[in-house]
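Colleague: This structure is in structure tokens; I'll ask about it shortly.
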Amino acid sequence: RRRAGRMSASAAPVTLVAHAWRMYLAKLGTEPLLTKSVSAGVLSIVSDLLAKGLSNQKLKPSSLFNELTMGLVIRGPLNHWFHMFLDRVVFRKARNQFAPAVVIGKLILDQFVFSPLFISLYFIVNGLMQDQPIAHSVAKIRKTLLSVMLKNWSVWIPANAISYALVPLNLRVLYGNVISIFWTAYLIKQVDGAKVSRTPQTGTTMNGAGKASEIQN
């Protein structure tokens with residue numbers, strides 16, 4: 001009886017996860033956009049927690065709210081619509097959505113068109129949420145976009161090659177959201193990395209050490 005009780009207790013978490021997974025798949029079928037957006041919002045909070053932990057920054061409720069909003073309103077919906085656009089508009093005539101030529105075509109559009117626009121939008125929206133002028137965010141984008149994109153390609157080209165070659169359309173956003181836990185944590189550090197102030201004598205943007213402010217990778 002004790003052994004049976006221990007086996008039952010150890011199986012409980014697995015049963016719970018399996019039940020949650022079935023519920024998630026059911027919601028994907030009935031409310032795909034809402035389901036993907038909520039999961040993106042929740043995982044964006046996890047990204048913020050990770051970023052603050054890695055950089056030893058104090059956790060702020062406003063930061064958690066901003067990331068929840070970013071995932072719920074922007075990341076989830078945009079990724080949902082983008083993947084639908086690729087499969088049902090751009091490559092709708094493809095006989096096999098997992099064919100190598102189709103996968104490569106999707107990767108090119110994803111990484112060289114969608115990703116730079118999305119990352120730039122992330123910087124701007126995040127800046128607005130922190131009451132920063134758009135010009136400030138645009139300056140960050142000009143200074144850091146190339147270095148961010150190089151890191152983006154090192155992560156997302158192999159990750160999305162797997163996604164477009166193996167992952168069904170309805171699960172592609174969830175797959176990306178899981179990978180994004182670490183990628184978004186990196187982006188949060190990039191956005192928060194340069195704390196700038198304007199010196200009254202010269203009007204030059206400076207950091208605390210008195211040098212021209214730079215985004216830290």
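FYI, nothing fancy with the structure tokens labels: chains A, B, ... in order, residues from 1 per chain, ligands from 1 as they appear.
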Residues of range 23-92 of chain A within 9 Å of range 128-144 of chain A: nearest atom pair and distance (Å, one decimal) for each, counting only C-alpha atoms, sorted by chain and number, as a Markdown table?
Modeller:
| residue | atom | partner | partner_atom | distance |
| --- | --- | --- | --- | --- |
| A:Ser62 | CA | A:Gln130 | CA | 8.9 |
| A:Ser63 | CA | A:Gln130 | CA | 8.8 |
| A:Asn66 | CA | A:Met129 | CA | 6.8 |
Colleague: Take the residues that were just selected and, keeping N, CA, C and O atoms, output them as an mmCIF file, in the first residue's frame.
Modeller:
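Output file part-v2.cif follows:
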data_model
loop_
_atom_site.group_PDB
_atom_site.id
_atom_site.type_symbol
_atom_site.label_atom_id
_atom_site.label_comp_id
_atom_site.auth_asym_id
_atom_site.auth_seq_id
_atom_site.Cartn_x
_atom_site.Cartn_y
_atom_site.Cartn_z
ATOM 1 N N SER A 62 6.223 47.420 -12.200
ATOM 2 C CA SER A 62 5.963 48.083 -13.484
ATOM 3 C C SER A 62 6.658 47.358 -14.630
ATOM 4 O O SER A 62 6.123 47.261 -15.746
ATOM 5 N N SER A 63 7.847 46.819 -14.359
ATOM 6 C CA SER A 63 8.581 46.084 -15.392
ATOM 7 C C SER A 63 7.859 44.790 -15.747
ATOM 8 O O SER A 63 7.733 44.429 -16.930
ATOM 9 N N ASN A 66 4.871 45.699 -17.806
ATOM 10 C CA ASN A 66 5.258 46.062 -19.173
ATOM 11 C C ASN A 66 5.511 44.820 -20.029
ATOM 12 O O ASN A 66 5.087 44.755 -21.185
#
Colleague: Contacts of range 21-31 of chain A at 12 Å or less, counting only C-alpha atoms, minus same-chain residues fewer than 3 places along, as an MDAnalysis selection string?
Modeller: chainID A and resid 14:18 34:39 80 169:174
Colleague: Using DSSP on the backbone, list every residue of range 62-214 of chain A that comes out as strand (DSSP E or B), and give them as a PyMOL selection string.
Modeller: chain A and resi 197-198+205-206+212
Colleague: Choose the residue, out of A:Pro61, A:Val178, A:Gln190, A:Phe114, that has the smallest atom-to-atom separation from Trp81 in chain A; count only C-alpha atoms.
Modeller: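 Ranking A:Pro61, A:Val178, A:Gln190, A:Phe114 by distance to Trp81 in chain A, first place goes to A:Phe114.
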Colleague: Smallest atom-to-atom distance to Val42 in chain A: which of A:Asp110, A:Lys189, A:Asn177, A:Val167, using only C-alpha atoms?
Modeller: A:Asn177
Colleague: Looking at only C-alpha atoms, which of A:Leu49, A:Pro32, A:Leu68, A:Lys58 is the one that sits closest to Asn126 in chain A?
Modeller: A:Leu68
Colleague: Would you mind reading off the distance between CA of Leu50 in chain A and CA of Gly176 in chain A, one decimal, in Å?
Modeller: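 Separation between CA of Leu50 in chain A and CA of Gly176 in chain A: 16.9 Å.
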Colleague: Would you kindly return, as a list in words, each protein, DNA or RNA residue with an atom no farther than 9 Å from any atom of Phe65 in chain A, considering only C-alpha atoms and excluding same-chain residues fewer than 5 positions away?
Modeller: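 Using only C-alpha atoms, the neighbours found are Ile45, Lys60 and Met70 of chain A.
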Colleague: Can you write out the residues you just picked, keeping C-alpha atoms, as a compact mmCIF listing (two decimals), in the first residue's frame?
Modeller:
# COMPACT_ATOMS: atom_id res chain seq x y z
CA ILE A 45 7.12 37.71 -17.26
CA LYS A 60 9.81 46.25 -10.28
CA MET A 70 4.31 43.30 -24.49
Colleague: Restricting the calculation to only C-alpha atoms, which member of A:Pro13, A:Gly41, A:Pro77, A:Gly127 is positioned closest to Thr184 in chain A?
Modeller: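 With only C-alpha atoms as the atom set, the closest residue is A:Gly41.
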Colleague: What parts of chain A does DSSP call helix (DSSP H, G or I)? I'd like the answer as a VMD selection string.
Modeller: chain A and resid 2 to 30 32 to 55 61 to 90 100 to 129 134 to 166 169 to 192
